[in-house]
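The structure under discussion appears below in the form of structure tokens.
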Protein chains: 2
Amino acid sequence: MMKGKVLIAQGGGPTAVINESLVGAVLAARKLKGVAGVYGAFHGVRGIVDEDFIDLGKEPKANLERVAKTPCSALGSTRDKPDLKYCRSIFAVLKAHGVGSFFYIGGNDSSDTLRILADEARKARYALTCVHIPKTIDNDLMANDHTPGYPSAARFVAGAFAGANLDNRALPGVYVGVVMGRHAGFLTAAAALGRKYPDDGPHLIYLPERDFVMDRFLADVTAAWAKHGRCVIAVSEGIHDATGEPIAATLAKQIEKDAHGNVQLSGSGALADLLCDSIRANTSIKRVRGDTFGYLQRSFLGCVSDVDQKEARAVGVKAVQFAARTGRDGSVAIRRRKGKRYAAELNFVALADVAGRTRVMPAAFIARSGTDVTKAFDDYLRPLVGSRIPETFRLSAPKVRKILDKKK
Amino acid sequence: MMKGKVLIAQGGGPTAVINESLVGAVLAARKLKGVAGVYGAFHGVRGIVDEDFIDLGKEPKANLERVAKTPCSALGSTRDKPDLKYCRSIFAVLKAHGVGSFFYIGGNDSSDTLRILADEARKARYALTCVHIPKTIDNDLMANDHTPGYPSAARFVAGAFAGANLDNRALPGVYVGVVMGRHAGFLTAAAALGRKYPDDGPHLIYLPERDFVMDRFLADVTAAWAKHGRCVIAVSEGIHDATGEPIAATLAKQIEKDAHGNVQLSGSGALADLLCDSIRANTSIKRVRGDTFGYLQRSFLGCVSDVDQKEARAVGVKAVQFAARTGRDGSVAIRRRKGKRYAAELNFVALADVAGRTRVMPAAFIARSGTDVTKAFDDYLRPLVGSRIPETFRLSAPKVRKILDKKK
């Protein structure tokens, strides 16, 4: 039984399916007896402080369904992380509007915001149920097999590398693609799903779960080049050296030291460019190209996993149902059922199990070389990326026997 | 009536539909009487010199159909541009294998290669029919309404900006997306197709058809920021100053002069990063992000226009049919029929009409501001990008009246 109004908001980076969770929660809340209204806050907790609400009880169902299929937080998002003072402003607004439960769709930071909010509400004796609805393309939430948003982003990364591999095969050279994921390599690892033939790229995958050593990288590239006459490389933006310092920062420092230049590194194409420069400077390879997938991998219109869509909807619905049944704070978590056929179940876990913690790739998903993934990872990801994945094909006819060569 | 063997090759940058043209030409050639065989050369003219042929007469039809749906030159590509000596090597190989006609799928450079080859063949009294089959994501071939490959790339760019706009609306800031196209702005202009609502981005579009002035750019961004509280910008990689010098090069020089840094500009993320740096340095806007779409826009697996697919197939078929009927050298060109409903027809034009020349956007497609496109461009592009384009939707419910604000 839920009391008062239900408030829903979205925090952190958008995903392709985050509005499925929003619409799932809205429709589930609208069905509940006792709920005095369903509001949405614009731009996450910032919208609460600003009293910037939309009356989602009045949103036509048909439009909600259309919004559900639209990528990126329809309510807008924020990176704000409330402190005590911020929490007090939030409570003042929630109290004024009679909000009894708050559903926050987000990642680690958003779940931590909820944990702080729930703690402060308890101290302030303010009756508030705080529920976290998971999303993140980084796939780095504890207690979850995977998180909504990740499968669609993984589908994008796999499609991007499948295409880049074909492009690189047509015009051979070295190709470096930099993928999002500061601490966890799940999204970068998805590049492996773009492979079909044994010599397909990515030939090398660099994850933040392993220390990056430039000399070893250059040796790896040279070896792959010698083997394939080309080389496709997937790199996580979060790769770092043995001291934990990001490679992007290390390379930036070198440039700064050399040149006092003003090269931007975060949210830019610099890491790809700097790795390409290193390859050019230290090998004889001439054609070296780098791309940074950037915001496309989380927002591109028209690349979505149908499995992800369904699960994102389900976590939104379940969050409301769990809260209504238990009256407790918590987070919805996706668990995978054992068995050959993929199936997921949703559990309700404590906020502390998720909040502010980061899950990285288990060792079983990373090849011993440190530059590839294992079959276990492939088995893990493949059922998530959805149906109707395009397949690549090659010509298979025999080669023509050389005539002039014979005369030589 | 065609004599001898038919040879087909692919040159220049790959596209999403270039194999449709290949398969169209192969299947049409296999049907012709008198044709002694259908060969493919690997990596364009390079494969001729190297005698690196595949017997496409033996390729199973079912596999050809699968390859047709796979993006990026299945035969591989090249950037080689033959000189006289190179041409002689080509003739020696063609003669040895009894090749009577050569079909080259490519852009400006490939058509110019054919023109040179045809000229040299005439001088050498070597009987060779040279036929160009158009492709280029840049859409910059003369004599064509548009070129195969462009509509699919335009679909990618439109989808990328539609998503980037939603992302930017969720987390407001400035977003710069750099699009391919060194001389022609057609692909960058496609960003406009990602818009639906009046305040949707891209709010500014910078094309190589107009001189780029940094101060005006900064003023444009500041004005858009003031109006929308955010700003999405589409920039062609080919933007240049009034002297024709690429902005990427200008900014690089500044950095070099300042710092002797080694910043890579071509095929890198540098232009986006440098424009972002300029915005940060000269405005008070804090959240500034830049992406360079890079190779994804021409090779991404799973983004294709069905109109483009059909037309790419048709130009391949028609090239063979025109050559068989006329025995002449030439290029297939797409013309748009007059009338309300989109329809295209294929013509056979002289190689000289296309070879080595560059078409840019007509003035009627560019808004008077110089930073947007016109309705005429929208009307031009919309029928090309194909069916099942995802649409974006927004929440429409009323805002909740503020309670605490009223008490103030």
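By order in the structure tokens, chains are A, B, ...; within a chain, residues start at 1; ligands start at 1, following the order shown.
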- Item | Contacts of region 288-290 of chain B within 7 Å, only C-alpha atoms, excl. fewer than 6 positions in-chain, as a ChimeraX atom specification | /A:267-268 /B:173-177,272-273,276,280
Write the residues you've just listed into a file as a CSV table (one decimal), in the first residue's frame, and include all heavy atoms for each of them.
```
chain,number,residue,atom,x,y,z
A,267,GLY,N,35.6,13.3,-22.7
A,267,GLY,CA,34.5,13.6,-23.6
A,267,GLY,C,35.0,14.2,-24.9
A,267,GLY,O,34.4,15.1,-25.5
A,268,SER,N,36.2,13.7,-25.4
A,268,SER,CA,36.8,14.2,-26.6
A,268,SER,C,37.4,13.0,-27.4
A,268,SER,O,37.4,11.9,-26.9
A,268,SER,CB,37.9,15.2,-26.2
A,268,SER,OG,39.1,14.5,-25.9
B,173,GLY,N,23.9,21.4,-22.7
B,173,GLY,CA,25.3,21.9,-22.9
B,173,GLY,C,25.4,22.2,-24.4
B,173,GLY,O,24.4,22.3,-25.1
B,174,VAL,N,26.7,22.3,-24.9
B,174,VAL,CA,27.0,22.4,-26.3
B,174,VAL,C,27.5,21.1,-26.8
B,174,VAL,O,28.3,20.5,-26.2
B,174,VAL,CB,28.0,23.5,-26.6
B,174,VAL,CG1,28.4,23.5,-28.0
B,174,VAL,CG2,27.4,24.9,-26.2
B,175,TYR,N,27.0,20.7,-27.9
B,175,TYR,CA,27.4,19.4,-28.6
B,175,TYR,C,27.8,19.7,-30.0
B,175,TYR,O,27.1,20.3,-30.8
B,175,TYR,CB,26.3,18.4,-28.5
B,175,TYR,CG,26.7,17.1,-29.2
B,175,TYR,CD1,27.4,16.1,-28.5
B,175,TYR,CD2,26.3,16.8,-30.5
B,175,TYR,CE1,27.8,14.9,-29.2
B,175,TYR,CE2,26.7,15.6,-31.2
B,175,TYR,CZ,27.4,14.7,-30.5
B,175,TYR,OH,27.8,13.5,-31.1
B,176,VAL,N,29.1,19.3,-30.3
B,176,VAL,CA,29.6,19.5,-31.7
B,176,VAL,C,29.8,18.1,-32.3
B,176,VAL,O,30.5,17.3,-31.8
B,176,VAL,CB,31.0,20.2,-31.7
B,176,VAL,CG1,31.5,20.3,-33.1
B,176,VAL,CG2,30.8,21.6,-31.0
B,177,GLY,N,29.1,17.9,-33.4
B,177,GLY,CA,29.3,16.6,-34.1
B,177,GLY,C,29.9,16.9,-35.5
B,177,GLY,O,29.4,17.6,-36.3
B,272,ALA,N,36.8,18.5,-33.9
B,272,ALA,CA,35.7,18.6,-32.9
B,272,ALA,C,36.3,19.1,-31.5
B,272,ALA,O,35.8,20.1,-30.9
B,272,ALA,CB,35.0,17.3,-32.6
B,273,ASP,N,37.4,18.6,-31.2
B,273,ASP,CA,38.0,18.9,-29.9
B,273,ASP,C,38.5,20.4,-29.9
B,273,ASP,O,38.3,21.1,-28.9
B,273,ASP,CB,39.2,18.0,-29.6
B,273,ASP,CG,38.8,16.6,-29.3
B,273,ASP,OD1,37.6,16.4,-29.1
B,273,ASP,OD2,39.7,15.7,-29.3
B,276,CYS,N,35.5,22.7,-29.7
B,276,CYS,CA,35.1,22.7,-28.3
B,276,CYS,C,36.0,23.6,-27.4
B,276,CYS,O,35.5,24.3,-26.6
B,276,CYS,CB,35.0,21.3,-27.7
B,276,CYS,SG,33.7,20.3,-28.4
B,280,ARG,N,34.9,26.8,-25.1
B,280,ARG,CA,35.2,26.9,-23.7
B,280,ARG,C,36.0,28.1,-23.4
B,280,ARG,O,35.8,28.8,-22.4
B,280,ARG,CB,36.0,25.6,-23.3
B,280,ARG,CG,35.1,24.5,-22.9
B,280,ARG,CD,35.9,23.3,-22.3
B,280,ARG,NE,35.3,22.1,-22.7
B,280,ARG,CZ,35.7,21.3,-23.7
B,280,ARG,NH1,36.8,21.6,-24.4
B,280,ARG,NH2,35.1,20.2,-24.0
```
- For Asp138 (chain A), list every protein, DNA or RNA residue within 9 Å, evaluated using only C-alpha atoms, and leave out those in the same chain fewer than 5 positions away; present the list as an MDAnalysis selection string. chainID A and resid 107 147 149:150 153 180:187
- Message: According to DSSP computed on the backbone, where in region 44-223 of chain B is there strand (DSSP E or B)? Give the residues as a count of residues only.
- Response: 26
- Message: Which residues are near Gln309 (chain B)? Cut-off 12 Å, only C-alpha atoms, ignore same chain within fewer than 6 positions. Put them as a VMD selection string.
- Response: chain B and resid 15 to 24 65 68 to 71 135 147 to 153 303 315 to 316 384 to 387
Export, as a PDB file, in the first residue's frame, the selected residues with C-alpha atoms.
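That gives us out-v9.pdb:
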```pdb
ATOM      1  CA  THR B  15      29.556   2.496 -48.391  1.00  0.00           C
ATOM      2  CA  ALA B  16      26.682   0.571 -46.836  1.00  0.00           C
ATOM      3  CA  VAL B  17      25.312  -0.455 -50.236  1.00  0.00           C
ATOM      4  CA  ILE B  18      28.379  -0.727 -52.494  1.00  0.00           C
ATOM      5  CA  ASN B  19      27.987  -4.512 -52.659  1.00  0.00           C
ATOM      6  CA  GLU B  20      24.461  -4.131 -54.062  1.00  0.00           C
ATOM      7  CA  SER B  21      26.057  -2.494 -57.097  1.00  0.00           C
ATOM      8  CA  LEU B  22      28.667  -5.243 -57.309  1.00  0.00           C
ATOM      9  CA  VAL B  23      26.071  -7.994 -57.184  1.00  0.00           C
ATOM     10  CA  GLY B  24      23.786  -6.141 -59.627  1.00  0.00           C
ATOM     11  CA  GLU B  65      22.531 -11.977 -52.369  1.00  0.00           C
ATOM     12  CA  ALA B  68      24.839  -7.591 -51.402  1.00  0.00           C
ATOM     13  CA  LYS B  69      23.286  -6.860 -47.992  1.00  0.00           C
ATOM     14  CA  THR B  70      26.713  -6.656 -46.271  1.00  0.00           C
ATOM     15  CA  PRO B  71      28.230  -3.138 -46.073  1.00  0.00           C
ATOM     16  CA  LYS B 135      29.021   5.436 -55.235  1.00  0.00           C
ATOM     17  CA  THR B 147      24.816   8.905 -55.457  1.00  0.00           C
ATOM     18  CA  PRO B 148      24.374   5.417 -54.026  1.00  0.00           C
ATOM     19  CA  GLY B 149      25.775   5.232 -50.506  1.00  0.00           C
ATOM     20  CA  TYR B 150      24.803   8.787 -49.641  1.00  0.00           C
ATOM     21  CA  PRO B 151      21.212   8.035 -48.550  1.00  0.00           C
ATOM     22  CA  SER B 152      22.329   5.340 -46.082  1.00  0.00           C
ATOM     23  CA  ALA B 153      25.088   7.541 -44.662  1.00  0.00           C
ATOM     24  CA  CYS B 303      21.770   1.383 -40.751  1.00  0.00           C
ATOM     25  CA  VAL B 315      22.994   1.199 -61.140  1.00  0.00           C
ATOM     26  CA  GLY B 316      25.067  -1.990 -61.159  1.00  0.00           C
ATOM     27  CA  LEU B 384      16.039   8.989 -50.156  1.00  0.00           C
ATOM     28  CA  VAL B 385      16.646   7.913 -46.576  1.00  0.00           C
ATOM     29  CA  GLY B 386      14.168   5.063 -46.753  1.00  0.00           C
ATOM     30  CA  SER B 387      11.328   3.678 -44.717  1.00  0.00           C
TER      31      SER B 387
END
```
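For the pair CA of Leu296 (chain B) and CA of Ala164 (chain A), the separation is 6.8 Å.
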- Query: For the atom pair CA of Arg368 (chain B) and CA of Met214 (chain B), what is the interatomic distance in Å to one decimal place?
  - Reply: 18.2 Å
- Item | Surrounding residues of Lys5 (chain A) excluding itself and chain neighbours under 3 positions, 9 Å, only C-alpha atoms, as a ChimeraX atom specification | /A:2,34-39,97-102
Restricting the output to all heavy atoms, write the selected residues as a PDB file, in the first residue's frame.
```
ATOM      1  N   MET A   2       0.726   2.061  -1.014  1.00  0.00           N
ATOM      2  CA  MET A   2       1.533   3.287  -1.070  1.00  0.00           C
ATOM      3  C   MET A   2       0.647   4.475  -0.721  1.00  0.00           C
ATOM      4  O   MET A   2      -0.512   4.537  -1.108  1.00  0.00           O
ATOM      5  CB  MET A   2       2.149   3.462  -2.459  1.00  0.00           C
ATOM      6  CG  MET A   2       3.273   2.476  -2.696  1.00  0.00           C
ATOM      7  SD  MET A   2       4.493   3.070  -3.869  1.00  0.00           S
ATOM      8  CE  MET A   2       3.522   3.048  -5.347  1.00  0.00           C
ATOM      9  N   GLY A  34      -4.912   4.111  -3.762  1.00  0.00           N
ATOM     10  CA  GLY A  34      -4.260   4.847  -2.671  1.00  0.00           C
ATOM     11  C   GLY A  34      -3.259   5.880  -3.144  1.00  0.00           C
ATOM     12  O   GLY A  34      -2.902   6.793  -2.404  1.00  0.00           O
ATOM     13  N   VAL A  35      -2.812   5.730  -4.370  1.00  0.00           N
ATOM     14  CA  VAL A  35      -1.850   6.708  -4.894  1.00  0.00           C
ATOM     15  C   VAL A  35      -2.593   7.994  -5.279  1.00  0.00           C
ATOM     16  O   VAL A  35      -3.562   7.968  -6.024  1.00  0.00           O
ATOM     17  CB  VAL A  35      -1.088   6.143  -6.117  1.00  0.00           C
ATOM     18  CG1 VAL A  35      -0.360   7.243  -6.866  1.00  0.00           C
ATOM     19  CG2 VAL A  35      -0.112   5.056  -5.676  1.00  0.00           C
ATOM     20  N   ALA A  36      -2.141   9.103  -4.707  1.00  0.00           N
ATOM     21  CA  ALA A  36      -2.861  10.372  -4.869  1.00  0.00           C
ATOM     22  C   ALA A  36      -2.490  11.108  -6.152  1.00  0.00           C
ATOM     23  O   ALA A  36      -3.100  12.117  -6.492  1.00  0.00           O
ATOM     24  CB  ALA A  36      -2.576  11.269  -3.666  1.00  0.00           C
ATOM     25  N   GLY A  37      -1.481  10.590  -6.861  1.00  0.00           N
ATOM     26  CA  GLY A  37      -1.062  11.252  -8.094  1.00  0.00           C
ATOM     27  C   GLY A  37       0.300  10.732  -8.525  1.00  0.00           C
ATOM     28  O   GLY A  37       1.048  10.189  -7.703  1.00  0.00           O
ATOM     29  N   VAL A  38       0.616  10.892  -9.801  1.00  0.00           N
ATOM     30  CA  VAL A  38       1.917  10.448 -10.311  1.00  0.00           C
ATOM     31  C   VAL A  38       2.588  11.637 -10.986  1.00  0.00           C
ATOM     32  O   VAL A  38       2.130  12.128 -12.015  1.00  0.00           O
ATOM     33  CB  VAL A  38       1.758   9.281 -11.314  1.00  0.00           C
ATOM     34  CG1 VAL A  38       3.132   8.820 -11.798  1.00  0.00           C
ATOM     35  CG2 VAL A  38       0.986   8.126 -10.683  1.00  0.00           C
ATOM     36  N   TYR A  39       3.662  12.106 -10.366  1.00  0.00           N
ATOM     37  CA  TYR A  39       4.407  13.254 -10.889  1.00  0.00           C
ATOM     38  C   TYR A  39       5.747  12.811 -11.468  1.00  0.00           C
ATOM     39  O   TYR A  39       6.333  11.821 -11.038  1.00  0.00           O
ATOM     40  CB  TYR A  39       4.699  14.256  -9.771  1.00  0.00           C
ATOM     41  CG  TYR A  39       3.521  15.091  -9.302  1.00  0.00           C
ATOM     42  CD1 TYR A  39       2.245  14.912  -9.830  1.00  0.00           C
ATOM     43  CD2 TYR A  39       3.702  16.062  -8.319  1.00  0.00           C
ATOM     44  CE1 TYR A  39       1.179  15.691  -9.391  1.00  0.00           C
ATOM     45  CE2 TYR A  39       2.642  16.842  -7.873  1.00  0.00           C
ATOM     46  CZ  TYR A  39       1.380  16.641  -8.414  1.00  0.00           C
ATOM     47  OH  TYR A  39       0.332  17.413  -7.973  1.00  0.00           O
ATOM     48  N   HIS A  97       4.084  18.879  -1.584  1.00  0.00           N
ATOM     49  CA  HIS A  97       3.286  18.234  -2.637  1.00  0.00           C
ATOM     50  C   HIS A  97       2.721  16.873  -2.202  1.00  0.00           C
ATOM     51  O   HIS A  97       2.055  16.209  -2.991  1.00  0.00           O
ATOM     52  CB  HIS A  97       4.128  18.071  -3.904  1.00  0.00           C
ATOM     53  CG  HIS A  97       4.337  19.362  -4.648  1.00  0.00           C
ATOM     54  ND1 HIS A  97       3.458  19.820  -5.604  1.00  0.00           N
ATOM     55  CD2 HIS A  97       5.303  20.320  -4.533  1.00  0.00           C
ATOM     56  CE1 HIS A  97       3.891  20.988  -6.073  1.00  0.00           C
ATOM     57  NE2 HIS A  97       5.011  21.319  -5.435  1.00  0.00           N
ATOM     58  N   GLY A  98       3.005  16.490  -0.967  1.00  0.00           N
ATOM     59  CA  GLY A  98       2.456  15.231  -0.471  1.00  0.00           C
ATOM     60  C   GLY A  98       3.008  14.001  -1.156  1.00  0.00           C
ATOM     61  O   GLY A  98       2.290  13.031  -1.407  1.00  0.00           O
ATOM     62  N   VAL A  99       4.304  14.034  -1.464  1.00  0.00           N
ATOM     63  CA  VAL A  99       4.934  12.883  -2.113  1.00  0.00           C
ATOM     64  C   VAL A  99       5.321  11.843  -1.070  1.00  0.00           C
ATOM     65  O   VAL A  99       5.995  12.157  -0.097  1.00  0.00           O
ATOM     66  CB  VAL A  99       6.183  13.326  -2.913  1.00  0.00           C
ATOM     67  CG1 VAL A  99       6.957  12.109  -3.425  1.00  0.00           C
ATOM     68  CG2 VAL A  99       5.771  14.222  -4.074  1.00  0.00           C
ATOM     69  N   GLY A 100       4.874  10.602  -1.285  1.00  0.00           N
ATOM     70  CA  GLY A 100       5.166   9.525  -0.342  1.00  0.00           C
ATOM     71  C   GLY A 100       6.219   8.555  -0.837  1.00  0.00           C
ATOM     72  O   GLY A 100       6.824   7.832  -0.050  1.00  0.00           O
ATOM     73  N   SER A 101       6.427   8.527  -2.130  1.00  0.00           N
ATOM     74  CA  SER A 101       7.456   7.617  -2.650  1.00  0.00           C
ATOM     75  C   SER A 101       8.151   8.228  -3.860  1.00  0.00           C
ATOM     76  O   SER A 101       7.547   8.922  -4.668  1.00  0.00           O
ATOM     77  CB  SER A 101       6.858   6.256  -3.012  1.00  0.00           C
ATOM     78  OG  SER A 101       5.770   6.409  -3.888  1.00  0.00           O
ATOM     79  N   PHE A 102       9.441   7.964  -3.932  1.00  0.00           N
ATOM     80  CA  PHE A 102      10.275   8.552  -4.980  1.00  0.00           C
ATOM     81  C   PHE A 102      11.016   7.440  -5.720  1.00  0.00           C
ATOM     82  O   PHE A 102      11.763   6.669  -5.124  1.00  0.00           O
ATOM     83  CB  PHE A 102      11.265   9.538  -4.340  1.00  0.00           C
ATOM     84  CG  PHE A 102      12.254  10.120  -5.319  1.00  0.00           C
ATOM     85  CD1 PHE A 102      11.865  10.526  -6.601  1.00  0.00           C
ATOM     86  CD2 PHE A 102      13.597  10.261  -4.968  1.00  0.00           C
ATOM     87  CE1 PHE A 102      12.786  11.059  -7.497  1.00  0.00           C
ATOM     88  CE2 PHE A 102      14.523  10.798  -5.864  1.00  0.00           C
ATOM     89  CZ  PHE A 102      14.113  11.188  -7.139  1.00  0.00           C
TER      90      PHE A 102
END
```
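Using only C-alpha atoms, the shortest contact distance between chain A and any of B:Glu345, B:Asp52, B:Glu120, B:Asp379 is found at B:Asp52.
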- Message: Run DSSP on the backbone and tell me which residues of region 83-164 of chain A come out as helix (DSSP H, G or I); list them as a count of residues only.
- Response: 45
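If you measure from each of B:Glu391, B:Asp378, B:Asp211, B:Asp50 to Ala190 (chain B) using only C-alpha atoms, the closest one turns out to be B:Asp378.
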